[in-house]
Amino acid sequence: MESVITDFNNNGFSILHGILESATLEAVKRECEALVDQLASQRQAEGKLANTYPDATFETRLIRMYEKHPDENPTIFRPELHREGFFGVFAHPVLLELAGVILGPEIRLYPNYSVRPKLPENRRTEVLWHQDAGYTSKEADVLRMMNVWAPLVPVNVKNGCMEFIPGSHKWGVVPHEKDEYYLRIHDDYIRPVEADAVTIEILPGDVVIFSNLLFHRGLPNRAAHIRWSLDFRYQDAKQPTLRATQGHLLSSQRTPDAVVKDAQAWAALEFS
């Protein structure tokens with residue numbers, strides 16, 4: 001625990017290997033497969049899909065479903081994550097324990113939690129150098145947060161793993177500019193430090209925690225399969241979110257009755 005916190009404070013991130021149990025991961029994958037099933041049924045009903053490819057693998061089915069309409073494929077699932085199988089990761093005891101050390105006992109699941117199917121050679125899934133705080137406001141550098149990123153398949157340079165610039169979380173929120181699909185850090189801030197980037201190649205069950213101020217990006221997917229991942233953020237619940245949405249309480253000494261207690265309670269909520 002101490003080395004994880006030290007890495008987080010010094011470098012802006014830390015990798016935890018093998019903390020998510022296989023049953024927890026399988027529950028998440030089943031929910032993702034159910035979401036894909038829903039999309040397949042919807043597209044078939046709309047006359048856009050003759051074959052729903054039910055026998056295709058988790059890592060290829062969306063590719064098959066959208067091969068004739070690649071610009072229509074989903075790049076993110078967010079409100080759809082209020083399903084029971086996701087709660088085991090969001091409320092994982094190891095992650096909440098870490099969040100408690102970093103943030104304190106009042107822990108909010110910040111209103112930015114997503115599953116991302118990163119399809120091959122798709123410009124809409126190539127996330128450029130940015131800080132998550134850059135999407136919120138200039139005041140976001142005061143937010144006390146712990147970001148979590150968990151792959152659902154093995155991730156590497158070929159299929160679009162993340163890259164981090166160690167120590168960049170100490171520089172505050174820097175100027176971002178709008179690209180075609182995403183915000184990106186202004187080149188003047190990236191050029192001097194880009195050579196320091198490290199690649200984050202990890203396996204299902206591994207988790208990386210990082211600061212919302214850390215410079216990071218997602219490489220393009222050059223593989224023949226989907227790079228599935230889950231990302232979310234914990235925040236000190238005593239602070240405002242600086243967004244219209246407020247998230248959900250996962251730990252509290254002040255208002256314990258407001259904490260989301262279990263998977264059923266989570267599934268009954270909405271993205272808010």
# chains A, B, ... in the order shown; residues from 1 in each chain; ligands from 1
>>> select_by_dssp(residues="segment 11-209 of chain A", states="strand (DSSP E)", output="number ranges by chain")
A: 13-16, 107-109, 114-118, 145-151, 162-164, 176-178, 183-185, 198-200, 207-209
>>> write_last_selection(atoms="N, CA and C atoms", output="mmCIF file, in the first residue's frame")
data_model
loop_
_atom_site.group_PDB
_atom_site.id
_atom_site.type_symbol
_atom_site.label_atom_id
_atom_site.label_comp_id
_atom_site.auth_asym_id
_atom_site.auth_seq_id
_atom_site.Cartn_x
_atom_site.Cartn_y
_atom_site.Cartn_z
ATOM 1 N N PHE A 13 0.859 8.302 -10.925
ATOM 2 C CA PHE A 13 0.144 7.062 -11.228
ATOM 3 C C PHE A 13 0.811 5.897 -10.511
ATOM 4 N N SER A 14 0.084 4.791 -10.433
ATOM 5 C CA SER A 14 0.631 3.554 -9.875
ATOM 6 C C SER A 14 -0.137 2.383 -10.463
ATOM 7 N N ILE A 15 0.569 1.299 -10.764
ATOM 8 C CA ILE A 15 -0.049 0.101 -11.339
ATOM 9 C C ILE A 15 -0.216 -0.951 -10.253
ATOM 10 N N LEU A 16 -1.410 -1.499 -10.159
ATOM 11 C CA LEU A 16 -1.709 -2.579 -9.212
ATOM 12 C C LEU A 16 -1.992 -3.839 -10.023
ATOM 13 N N ILE A 107 -16.123 9.409 -0.009
ATOM 14 C CA ILE A 107 -15.716 9.042 -1.366
ATOM 15 C C ILE A 107 -16.924 9.013 -2.294
ATOM 16 N N ARG A 108 -16.837 9.788 -3.335
ATOM 17 C CA ARG A 108 -17.873 9.841 -4.370
ATOM 18 C C ARG A 108 -17.358 9.155 -5.632
ATOM 19 N N LEU A 109 -18.223 8.373 -6.277
ATOM 20 C CA LEU A 109 -17.938 7.941 -7.638
ATOM 21 C C LEU A 109 -18.283 9.121 -8.531
ATOM 22 N N SER A 114 -17.050 5.051 -17.466
ATOM 23 C CA SER A 114 -17.265 4.654 -18.856
ATOM 24 C C SER A 114 -16.675 3.288 -19.164
ATOM 25 N N VAL A 115 -17.322 2.587 -20.079
ATOM 26 C CA VAL A 115 -16.718 1.454 -20.773
ATOM 27 C C VAL A 115 -16.427 1.915 -22.191
ATOM 28 N N ARG A 116 -15.218 1.602 -22.652
ATOM 29 C CA ARG A 116 -14.814 2.070 -23.985
ATOM 30 C C ARG A 116 -14.379 0.891 -24.861
ATOM 31 N N PRO A 117 -15.136 0.599 -25.910
ATOM 32 C CA PRO A 117 -14.675 -0.368 -26.900
ATOM 33 C C PRO A 117 -13.863 0.367 -27.977
ATOM 34 N N LYS A 118 -12.571 0.173 -27.956
ATOM 35 C CA LYS A 118 -11.682 0.877 -28.893
ATOM 36 C C LYS A 118 -11.486 -0.014 -30.118
ATOM 37 N N MET A 145 -8.904 13.871 -6.535
ATOM 38 C CA MET A 145 -9.467 12.745 -7.262
ATOM 39 C C MET A 145 -8.448 11.623 -7.423
ATOM 40 N N MET A 146 -8.969 10.428 -7.624
ATOM 41 C CA MET A 146 -8.156 9.260 -7.974
ATOM 42 C C MET A 146 -8.831 8.575 -9.155
ATOM 43 N N ASN A 147 -8.187 8.625 -10.310
ATOM 44 C CA ASN A 147 -8.727 7.989 -11.503
ATOM 45 C C ASN A 147 -8.347 6.511 -11.525
ATOM 46 N N VAL A 148 -9.218 5.696 -12.104
ATOM 47 C CA VAL A 148 -8.984 4.255 -12.192
ATOM 48 C C VAL A 148 -9.207 3.812 -13.635
ATOM 49 N N TRP A 149 -8.276 3.007 -14.147
ATOM 50 C CA TRP A 149 -8.407 2.472 -15.507
ATOM 51 C C TRP A 149 -8.124 0.980 -15.454
ATOM 52 N N ALA A 150 -9.051 0.186 -15.981
ATOM 53 C CA ALA A 150 -8.932 -1.270 -15.911
ATOM 54 C C ALA A 150 -9.200 -1.873 -17.285
ATOM 55 N N PRO A 151 -8.243 -2.608 -17.849
ATOM 56 C CA PRO A 151 -8.479 -3.253 -19.144
ATOM 57 C C PRO A 151 -9.313 -4.519 -18.980
ATOM 58 N N MET A 162 -2.433 2.939 -23.017
ATOM 59 C CA MET A 162 -2.246 4.334 -22.633
ATOM 60 C C MET A 162 -0.766 4.660 -22.488
ATOM 61 N N GLU A 163 -0.461 5.949 -22.597
ATOM 62 C CA GLU A 163 0.858 6.482 -22.290
ATOM 63 C C GLU A 163 0.706 7.590 -21.259
ATOM 64 N N PHE A 164 1.632 7.645 -20.322
ATOM 65 C CA PHE A 164 1.644 8.656 -19.268
ATOM 66 C C PHE A 164 2.957 9.434 -19.318
ATOM 67 N N HIS A 176 -5.743 23.577 -22.993
ATOM 68 C CA HIS A 176 -6.151 22.559 -23.957
ATOM 69 C C HIS A 176 -6.796 23.245 -25.159
ATOM 70 N N GLU A 177 -6.783 22.565 -26.295
ATOM 71 C CA GLU A 177 -7.450 23.076 -27.487
ATOM 72 C C GLU A 177 -8.295 21.968 -28.098
ATOM 73 N N LYS A 178 -9.313 22.363 -28.845
ATOM 74 C CA LYS A 178 -10.246 21.393 -29.430
ATOM 75 C C LYS A 178 -9.649 20.779 -30.680
ATOM 76 N N LEU A 183 -10.424 17.096 -26.757
ATOM 77 C CA LEU A 183 -9.498 18.148 -26.382
ATOM 78 C C LEU A 183 -8.076 17.594 -26.392
ATOM 79 N N ARG A 184 -7.115 18.467 -26.614
ATOM 80 C CA ARG A 184 -5.713 18.065 -26.561
ATOM 81 C C ARG A 184 -4.905 19.167 -25.891
ATOM 82 N N ILE A 185 -3.862 18.768 -25.188
ATOM 83 C CA ILE A 185 -2.972 19.742 -24.567
ATOM 84 C C ILE A 185 -2.235 20.505 -25.658
ATOM 85 N N VAL A 198 5.793 7.085 -20.835
ATOM 86 C CA VAL A 198 5.927 5.644 -20.580
ATOM 87 C C VAL A 198 4.643 4.950 -21.023
ATOM 88 N N THR A 199 4.781 3.759 -21.582
ATOM 89 C CA THR A 199 3.617 2.994 -22.034
ATOM 90 C C THR A 199 3.106 2.117 -20.895
ATOM 91 N N ILE A 200 1.788 1.964 -20.834
ATOM 92 C CA ILE A 200 1.143 1.200 -19.766
ATOM 93 C C ILE A 200 0.558 -0.075 -20.367
ATOM 94 N N VAL A 207 -4.927 -2.969 -12.606
ATOM 95 C CA VAL A 207 -5.576 -1.661 -12.559
ATOM 96 C C VAL A 207 -4.487 -0.605 -12.461
ATOM 97 N N VAL A 208 -4.679 0.510 -13.131
ATOM 98 C CA VAL A 208 -3.785 1.646 -12.936
ATOM 99 C C VAL A 208 -4.596 2.780 -12.330
ATOM 100 N N ILE A 209 -4.062 3.370 -11.263
ATOM 101 C CA ILE A 209 -4.680 4.556 -10.677
ATOM 102 C C ILE A 209 -3.819 5.747 -11.056
#
>>> residues_around(residues="segment 74-77 of chain A", least_positions_apart="2", cutoff="9 Å", atoms="only C-alpha atoms", output="list in words")
Cys32, Leu35, Leu62, Asp71, Glu72, Pro79, Glu80, Leu81, Tyr113, Ser114, Val115, Arg116, Pro117, Lys118, Leu119, Arg124 and Thr125 of chain A
>>> write_last_selection(atoms="C-alpha atoms", output="mmCIF file, in the first residue's frame")
data_model
loop_
_atom_site.group_PDB
_atom_site.id
_atom_site.type_symbol
_atom_site.label_atom_id
_atom_site.label_comp_id
_atom_site.auth_asym_id
_atom_site.auth_seq_id
_atom_site.Cartn_x
_atom_site.Cartn_y
_atom_site.Cartn_z
ATOM 1 C CA CYS A 32 -20.705 -5.508 -21.819
ATOM 2 C CA LEU A 35 -25.028 -4.124 -24.072
ATOM 3 C CA LEU A 62 -18.683 -5.066 -32.681
ATOM 4 C CA ASP A 71 -18.604 5.596 -38.412
ATOM 5 C CA GLU A 72 -21.631 4.428 -36.419
ATOM 6 C CA PRO A 79 -25.396 5.851 -18.587
ATOM 7 C CA GLU A 80 -25.704 2.180 -19.546
ATOM 8 C CA LEU A 81 -23.320 1.198 -16.720
ATOM 9 C CA TYR A 113 -17.534 6.423 -15.540
ATOM 10 C CA SER A 114 -17.265 4.654 -18.856
ATOM 11 C CA VAL A 115 -16.718 1.454 -20.773
ATOM 12 C CA ARG A 116 -14.814 2.070 -23.985
ATOM 13 C CA PRO A 117 -14.675 -0.368 -26.900
ATOM 14 C CA LYS A 118 -11.682 0.877 -28.893
ATOM 15 C CA LEU A 119 -12.167 -0.542 -32.380
ATOM 16 C CA ARG A 124 -12.778 8.498 -33.093
ATOM 17 C CA THR A 125 -11.111 6.321 -30.460
#
>>> closest_residue(among="A:Gln239, A:Leu152, A:Lys48, A:Glu67", to="Glu21 of chain A", atoms="only C-alpha atoms")
A:Leu152
>>> residues_around(residues="Ala258 of chain A", least_positions_apart="6", cutoff="12 Å", atoms="only C-alpha atoms", output="list in words")
Glu106, Ile107, Arg108, Ala237, Gly247, His248, Leu249, Leu250, Ser251, Ser252, Ala265 and Trp266 of chain A
>>> closest_residue(among="A:Asn212, A:Glu194, A:Asp132, A:Glu31", to="Leu230 of chain A", atoms="only C-alpha atoms")
A:Glu31
>>> closest_residue(among="A:Leu242, A:Gly104, A:Ser22, A:Asp231", to="Gly134 of chain A", atoms="only C-alpha atoms")
A:Leu242
>>> closest_residue(among="A:Glu270, A:Glu97, A:Glu33, A:Asp236", to="Ala56 of chain A", atoms="only C-alpha atoms")
A:Glu33
>>> residues_around(residues="Arg64 of chain A", least_positions_apart="3", cutoff="12 Å", atoms="only C-alpha atoms", output="list in words")
Val36, Ala40, Leu49, Ala50, Asn51, Thr52, Tyr53, Pro54, Asp55, Ala56, Thr57, Phe58, Glu59, Thr60, Arg61, Glu67, Lys68, His69, Pro70, Asn73, Leu119, Pro120, Ala224, His225 and Ile226 of chain A
>>> write_last_selection(atoms="C-alpha atoms", output="compact mmCIF listing (two decimals), in the first residue's frame")
# COMPACT_ATOMS: atom_id res chain seq x y z
CA VAL A 36 -23.70 -5.39 -27.39
CA ALA A 40 -27.39 -5.90 -32.26
CA LEU A 49 -27.96 -5.62 -39.71
CA ALA A 50 -29.00 -8.93 -41.24
CA ASN A 51 -26.65 -11.04 -39.11
CA THR A 52 -26.14 -10.16 -35.42
CA TYR A 53 -23.01 -12.37 -35.20
CA PRO A 54 -23.99 -14.01 -31.89
CA ASP A 55 -21.07 -16.46 -32.14
CA ALA A 56 -18.39 -13.79 -32.61
CA THR A 57 -15.97 -13.24 -29.75
CA PHE A 58 -16.06 -10.44 -27.19
CA GLU A 59 -13.08 -8.86 -28.95
CA THR A 60 -14.50 -9.00 -32.49
CA ARG A 61 -18.31 -8.86 -32.44
CA GLU A 67 -18.00 -3.31 -40.70
CA LYS A 68 -20.37 -1.73 -43.25
CA HIS A 69 -20.98 1.37 -41.10
CA PRO A 70 -17.70 2.00 -39.20
CA ASN A 73 -19.88 2.08 -34.01
CA LEU A 119 -12.17 -0.54 -32.38
CA PRO A 120 -9.20 -0.93 -34.75
CA ALA A 224 -7.40 -6.82 -35.39
CA HIS A 225 -9.51 -6.85 -32.24
CA ILE A 226 -11.28 -4.46 -29.86
>>> atom_distance(atom1="atom CA of Val174 of chain A", atom2="atom CA of Ser229 of chain A")
26.2 Å
>>> closest_residue(among="A:Pro105, A:Asn159, A:Leu95, A:Gln44", to="Val259 of chain A", atoms="only C-alpha atoms")
A:Pro105
>>> atom_distance(atom1="atom CA of Ile19 of chain A", atom2="atom CA of Pro204 of chain A")
9.4 Å
>>> closest_residue(among="A:Pro192, A:Asn156, A:Phe210, A:Ala45", to="Arg233 of chain A", atoms="only C-alpha atoms")
A:Phe210
>>> atom_distance(atom1="atom CA of Phe232 of chain A", atom2="atom CA of Ala27 of chain A")
16.8 Å
>>> select_by_dssp(residues="segment 18-259 of chain A", states="alpha helix (DSSP H)", output="ChimeraX atom specification")
/A:22-45,61-65,87-90,93-103,187-190
>>> write_last_selection(atoms="N, CA and C atoms", output="compact mmCIF listing (two decimals), in the first residue's frame")
# COMPACT_ATOMS: atom_id res chain seq x y z
N SER A 22 -11.17 -12.85 -11.10
CA SER A 22 -11.73 -13.31 -12.38
C SER A 22 -13.25 -13.22 -12.38
N ALA A 23 -13.89 -13.51 -11.25
CA ALA A 23 -15.36 -13.43 -11.18
C ALA A 23 -15.84 -12.00 -11.36
N THR A 24 -15.10 -11.05 -10.80
CA THR A 24 -15.46 -9.63 -10.94
C THR A 24 -15.34 -9.20 -12.39
N LEU A 25 -14.26 -9.61 -13.04
CA LEU A 25 -14.05 -9.27 -14.45
C LEU A 25 -15.10 -9.92 -15.34
N GLU A 26 -15.41 -11.18 -15.07
CA GLU A 26 -16.41 -11.88 -15.88
C GLU A 26 -17.77 -11.22 -15.76
N ALA A 27 -18.11 -10.73 -14.58
CA ALA A 27 -19.39 -10.03 -14.41
C ALA A 27 -19.43 -8.77 -15.27
N VAL A 28 -18.32 -8.05 -15.32
CA VAL A 28 -18.25 -6.85 -16.16
C VAL A 28 -18.37 -7.22 -17.63
N LYS A 29 -17.65 -8.25 -18.05
CA LYS A 29 -17.70 -8.65 -19.46
C LYS A 29 -19.09 -9.11 -19.86
N ARG A 30 -19.78 -9.82 -18.96
CA ARG A 30 -21.15 -10.25 -19.26
C ARG A 30 -22.06 -9.04 -19.48
N GLU A 31 -21.89 -8.02 -18.68
CA GLU A 31 -22.71 -6.81 -18.86
C GLU A 31 -22.37 -6.13 -20.18
N CYS A 32 -21.09 -6.09 -20.53
CA CYS A 32 -20.71 -5.51 -21.82
C CYS A 32 -21.30 -6.31 -22.98
N GLU A 33 -21.26 -7.61 -22.86
CA GLU A 33 -21.86 -8.46 -23.90
C GLU A 33 -23.36 -8.24 -24.00
N ALA A 34 -24.01 -8.00 -22.86
CA ALA A 34 -25.45 -7.71 -22.88
C ALA A 34 -25.73 -6.39 -23.59
N LEU A 35 -24.86 -5.40 -23.38
CA LEU A 35 -25.03 -4.12 -24.07
C LEU A 35 -24.85 -4.30 -25.58
N VAL A 36 -23.90 -5.13 -25.97
CA VAL A 36 -23.70 -5.39 -27.39
C VAL A 36 -24.90 -6.15 -27.96
N ASP A 37 -25.45 -7.08 -27.20
CA ASP A 37 -26.67 -7.78 -27.62
C ASP A 37 -27.80 -6.79 -27.91
N GLN A 38 -27.96 -5.82 -27.02
CA GLN A 38 -29.01 -4.82 -27.20
C GLN A 38 -28.79 -4.02 -28.49
N LEU A 39 -27.54 -3.63 -28.73
CA LEU A 39 -27.24 -2.89 -29.96
C LEU A 39 -27.52 -3.75 -31.19
N ALA A 40 -27.16 -5.01 -31.12
CA ALA A 40 -27.39 -5.90 -32.26
C ALA A 40 -28.88 -6.02 -32.57
N SER A 41 -29.68 -6.20 -31.53
CA SER A 41 -31.13 -6.32 -31.73
C SER A 41 -31.71 -5.03 -32.28
N GLN A 42 -31.21 -3.90 -31.78
CA GLN A 42 -31.70 -2.60 -32.25
C GLN A 42 -31.36 -2.38 -33.72
N ARG A 43 -30.13 -2.68 -34.10
CA ARG A 43 -29.72 -2.47 -35.49
C ARG A 43 -30.44 -3.44 -36.43
N GLN A 44 -30.69 -4.63 -35.96
CA GLN A 44 -31.44 -5.58 -36.78
C GLN A 44 -32.87 -5.10 -36.98
N ALA A 45 -33.48 -4.58 -35.93
CA ALA A 45 -34.85 -4.05 -36.04
C ALA A 45 -34.91 -2.85 -36.97
N ARG A 61 -16.91 -8.93 -32.02
CA ARG A 61 -18.31 -8.86 -32.44
C ARG A 61 -18.69 -7.47 -32.94
N LEU A 62 -18.33 -6.41 -32.22
CA LEU A 62 -18.68 -5.07 -32.68
C LEU A 62 -18.04 -4.74 -34.03
N ILE A 63 -16.85 -5.26 -34.27
CA ILE A 63 -16.21 -5.05 -35.57
C ILE A 63 -17.08 -5.63 -36.67
N ARG A 64 -17.54 -6.86 -36.47
CA ARG A 64 -18.38 -7.51 -37.47
C ARG A 64 -19.69 -6.75 -37.65
N MET A 65 -20.28 -6.31 -36.54
CA MET A 65 -21.58 -5.65 -36.59
C MET A 65 -21.53 -4.32 -37.34
N PHE A 87 -20.91 -3.03 -10.52
CA PHE A 87 -20.75 -2.52 -9.16
C PHE A 87 -19.54 -3.13 -8.45
N GLY A 88 -19.23 -4.38 -8.76
CA GLY A 88 -18.11 -5.05 -8.09
C GLY A 88 -16.78 -4.38 -8.32
N VAL A 89 -16.63 -3.71 -9.45
CA VAL A 89 -15.40 -2.95 -9.71
C VAL A 89 -15.48 -1.58 -9.06
N PHE A 90 -16.59 -0.88 -9.27
CA PHE A 90 -16.71 0.47 -8.70
C PHE A 90 -16.55 0.47 -7.18
N PRO A 93 -13.17 -3.40 -2.73
CA PRO A 93 -12.62 -3.00 -1.43
C PRO A 93 -11.19 -2.49 -1.49
N VAL A 94 -10.36 -3.07 -2.35
CA VAL A 94 -8.97 -2.60 -2.45
C VAL A 94 -8.93 -1.18 -3.00
N LEU A 95 -9.74 -0.92 -4.02
CA LEU A 95 -9.75 0.42 -4.61
C LEU A 95 -10.33 1.44 -3.65
N LEU A 96 -11.39 1.07 -2.94
CA LEU A 96 -11.96 2.01 -1.97
C LEU A 96 -11.01 2.25 -0.80
N GLU A 97 -10.24 1.24 -0.43
CA GLU A 97 -9.24 1.44 0.63
C GLU A 97 -8.17 2.43 0.18
N LEU A 98 -7.70 2.27 -1.05
CA LEU A 98 -6.72 3.21 -1.59
C LEU A 98 -7.30 4.62 -1.67
N ALA A 99 -8.53 4.70 -2.17
CA ALA A 99 -9.18 6.01 -2.26
C ALA A 99 -9.32 6.64 -0.89
N GLY A 100 -9.58 5.82 0.12
CA GLY A 100 -9.70 6.35 1.47
C GLY A 100 -8.40 6.95 1.97
N VAL A 101 -7.27 6.32 1.63
CA VAL A 101 -5.97 6.85 2.03
C VAL A 101 -5.66 8.14 1.28
N ILE A 102 -5.96 8.17 -0.01
CA ILE A 102 -5.62 9.33 -0.84
C ILE A 102 -6.60 10.48 -0.65
N LEU A 103 -7.88 10.17 -0.51
CA LEU A 103 -8.93 11.20 -0.51
C LEU A 103 -9.58 11.43 0.84
N ASP A 187 0.47 22.12 -27.92
CA ASP A 187 1.77 21.56 -28.28
C ASP A 187 2.92 22.17 -27.48
N ASP A 188 2.80 23.43 -27.11
CA ASP A 188 3.89 24.08 -26.36
C ASP A 188 4.16 23.39 -25.04
N TYR A 189 3.15 22.70 -24.50
CA TYR A 189 3.31 22.02 -23.22
C TYR A 189 3.71 20.56 -23.39
N ILE A 190 3.46 20.00 -24.58
CA ILE A 190 3.76 18.59 -24.81
C ILE A 190 5.16 18.38 -25.38
